[in-house]
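Trainee: First the structure, then my questions, so here it is.
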Amino acid sequence: MNPSASGWIKKYGHLLQTSDARLYNNHTELYTVLLKNGFIYGIHLGVPDFVVQENAFTEDEVAKVNLLTALYFSYCFETGKNDFPEFVELVFQYYTALEVGKISFLNKILSGKKTEAQLEKLLDSRIYLNGNVFNRAFGNSLTNSLLYVDVLIFREYLRGRQNLIEHAQLLEYIAVNIAYQALNSKETNKSDVKLMQLLAASLTYVDLKDANFQGSYQELIQQNFSPIEKDYLLDLACLTVWEDGNLEGTESEFIYDIGNILNKGKADIKVALQNVVAFFEAHRDSIPYLKDINLAAKFYDGMTKNVGKLILRNSKRLKKELSESKELVQLLAKSTTHDLTAQERKKIQAQLLDIFKTIPSLAIFMLPGGAVLLPIFIKLIPKLLPSAFDDNRVSEN
């Protein structure tokens with residue numbers, strides 16, 4: 001499955017129907033898996049077992065797959081159905097009812113397309129918060145720290161809640177306030193500001209400048225939150241205090257205080273802390289926003305991932321085009337062991353741009369500034385691997 005190509009939602013539904021993998025029985029089981037995958041923490045590292053990855057997924061793609069998974073199984077648990085086409089229609093109606101995304105964007109996707117294709121574009125709008133490939137290279141996909149709010153509000157939508165947008169606004173408002181209070185509970189406040197910036201950038205439903213909720217955040221927490229919403233708020237608080245790898249006495253006191261406000265027992269609070277500690281110990285090296293590297297290195301690393309994905313996803317077409325240009329292949333091979341002359345580099349650039357013109361997915365290299373990416377492309381070409389021409393093709397048989 002290729003979550004960055006059209007047809008991936010249909011392929012996802014096909015995998016659900018044909019998979020022998022064990023799925024989820026209830027909200028608690030689903031939540032536990034999403035916690036271990038990092039989705040609850042806004043850190044997108046793993047997908048369900050039944051999702052076949054022909055190529056490694058990017059953080060954006062992992063986030064999309066887990067968001068769809070959480071929405072689908074929430075639909076199953078709340079309605080008692082597993083009708084995937086009905087789910088697609090329903091979740092699309094849900095997002096349009098909430099007016100997620102700009103009106104101009106919704107107008108573009110509401111006409112003349114199948115609902116699956118419309119929903120793919122809408123989920124892209126939820127994940128790709130900063131829009132262009134250069135911004136994504138700096139890790140902005142990780143500003144999806146509050147995506148699970150979509151799932152919680154979808155459950156309320158399925159239950160027929162009337163004041164849906166107001167509840168979404170309140171839940172986001174409380175989530176961010178808890179995170180702020182967690183940061184203020186620290187005796188030292190260094191890298192923690194990174195997480196707060198990510199949370200603030202993740203807001204969809206509420207504008208903090210215009211928020212006018214009556215009462216303290218402690219009082220507002222008492223207002224009609226479900227047990228699973230309270231679980232999420234507690235896990236978010238634990239994430240905020242532990243992301244620097246250290247739990248100070250004041251932070252521990254804060255967590256137990258907020259846990260009491262959420263009507264959680266000491267055992268539940270202890271488990272929530274243990275979960276976040278275990279997650280960070282297992283995945284600290286895989287969490288980009290915790291890595292303190294300079295912007296140039298971060299940009300290069302991000303673009304290497306993006307260009308590598310483009311190469312893998314177009315490998316068959318690229319192999320065919322390259323096989324018809326012996327001189328280009330010879331120069332690319334030479335570039336792996338020797339420095340090329342200025343004339344040779346110009347030849348490579350000219351011939352590669354001719355190839356890019358024939359492959360729409362590689363049009364990025366034709367854009368202004370696209371030549372900056374050519375050295376990355378040339379470096380990755382020797383690692384070219386075979387892949388299916390259409391990763392999302394579903395047999396009609």
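So you can find residues: chains in the structure tokens are A, B, ... in the order shown, residues in each start at 1, and ligands are numbered from 1 in order.
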Name the residues in contact with A:Val329 at a cut-off of 12 Å, using only C-alpha atoms, excluding same-chain residues fewer than 2 positions from it; report them as a PyMOL selection string.

Mentor: chain A and resi 318-327+331-336+344+347-348+351-352+378+381-382

Trainee: Output C-alpha atoms for every residue in the selection just made, as a PDB file, in the first residue's frame.

Mentor:
```
ATOM      1  CA  LEU A 318      13.210   5.081 -13.841  1.00  0.00           C
ATOM      2  CA  LYS A 319      14.939   1.781 -14.639  1.00  0.00           C
ATOM      3  CA  LYS A 320      13.369   1.737 -18.060  1.00  0.00           C
ATOM      4  CA  GLU A 321      14.370   5.338 -18.802  1.00  0.00           C
ATOM      5  CA  LEU A 322      17.897   4.863 -17.461  1.00  0.00           C
ATOM      6  CA  SER A 323      18.425   1.696 -19.485  1.00  0.00           C
ATOM      7  CA  GLU A 324      17.891   3.745 -22.644  1.00  0.00           C
ATOM      8  CA  SER A 325      20.695   6.184 -21.762  1.00  0.00           C
ATOM      9  CA  LYS A 326      23.982   4.296 -21.461  1.00  0.00           C
ATOM     10  CA  GLU A 327      26.046   7.486 -21.111  1.00  0.00           C
ATOM     11  CA  LEU A 331      28.233   8.854 -15.443  1.00  0.00           C
ATOM     12  CA  LEU A 332      25.990   7.958 -12.494  1.00  0.00           C
ATOM     13  CA  ALA A 333      28.118   4.908 -11.780  1.00  0.00           C
ATOM     14  CA  LYS A 334      31.275   6.997 -11.985  1.00  0.00           C
ATOM     15  CA  SER A 335      29.815   9.562  -9.557  1.00  0.00           C
ATOM     16  CA  THR A 336      29.695   6.925  -6.808  1.00  0.00           C
ATOM     17  CA  GLU A 344      29.985  15.748 -16.769  1.00  0.00           C
ATOM     18  CA  LYS A 347      25.439  16.273 -18.840  1.00  0.00           C
ATOM     19  CA  ILE A 348      23.888  14.377 -15.937  1.00  0.00           C
ATOM     20  CA  GLN A 351      19.707  14.087 -19.174  1.00  0.00           C
ATOM     21  CA  LEU A 352      18.018  13.642 -15.799  1.00  0.00           C
ATOM     22  CA  ILE A 378      22.232  11.054  -7.839  1.00  0.00           C
ATOM     23  CA  ILE A 381      20.102   6.194  -7.576  1.00  0.00           C
ATOM     24  CA  PRO A 382      22.550   3.300  -6.958  1.00  0.00           C
TER      25      PRO A 382
END
```

Trainee: Counting only C-alpha atoms, which of A:Leu15, A:Leu90, A:Ile9, A:Val33 gets nearest to A:Leu123?

Mentor: A:Ile9

Trainee: Rank nothing, just name the residue among A:Val206, A:Ile153, A:Ala237, A:Leu23 nearest to A:Leu262, using only C-alpha atoms.

Mentor: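 The shortest atom-to-atom distance to A:Leu262 comes from A:Ala237.
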
Trainee: Let me make sure I understand: among A:Tyr72, A:Phe279, A:Tyr94, A:Tyr173, which one has the smallest atom-to-atom distance to A:Tyr157 if we use only C-alpha atoms?

Mentor: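 Smallest distance to A:Tyr157 is found for A:Tyr94.
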
Trainee: Please list as a PyMOL selection string every residue within 8 Å of stretch 160-172 of chain A, counting only C-alpha atoms and excluding residues in the same chain fewer than 5 positions away.

Mentor: chain A and resi 98+146+149+153+203+205-206+213

Trainee: Residues within 12 Å of A:Phe57, please, as a VMD selection string. Count only C-alpha atoms; anything in the same chain fewer than 6 positions from it doesn't count.

Mentor: chain A and resid 1 to 4 44 to 47 51 63 to 66 305 to 306 308 to 310 312 to 313

Trainee: Which value, in Å to one decimal, gives the distance between atom CA of A:Thr115 and atom CA of A:Phe92?

Mentor: 7.4 Å

Trainee: Grab the atom CA of A:Tyr95 to atom CA of A:Thr240 distance for me, in Å with one decimal place.

Mentor: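 Straight-line distance from atom CA of A:Tyr95 to atom CA of A:Thr240 works out to 28.1 Å.
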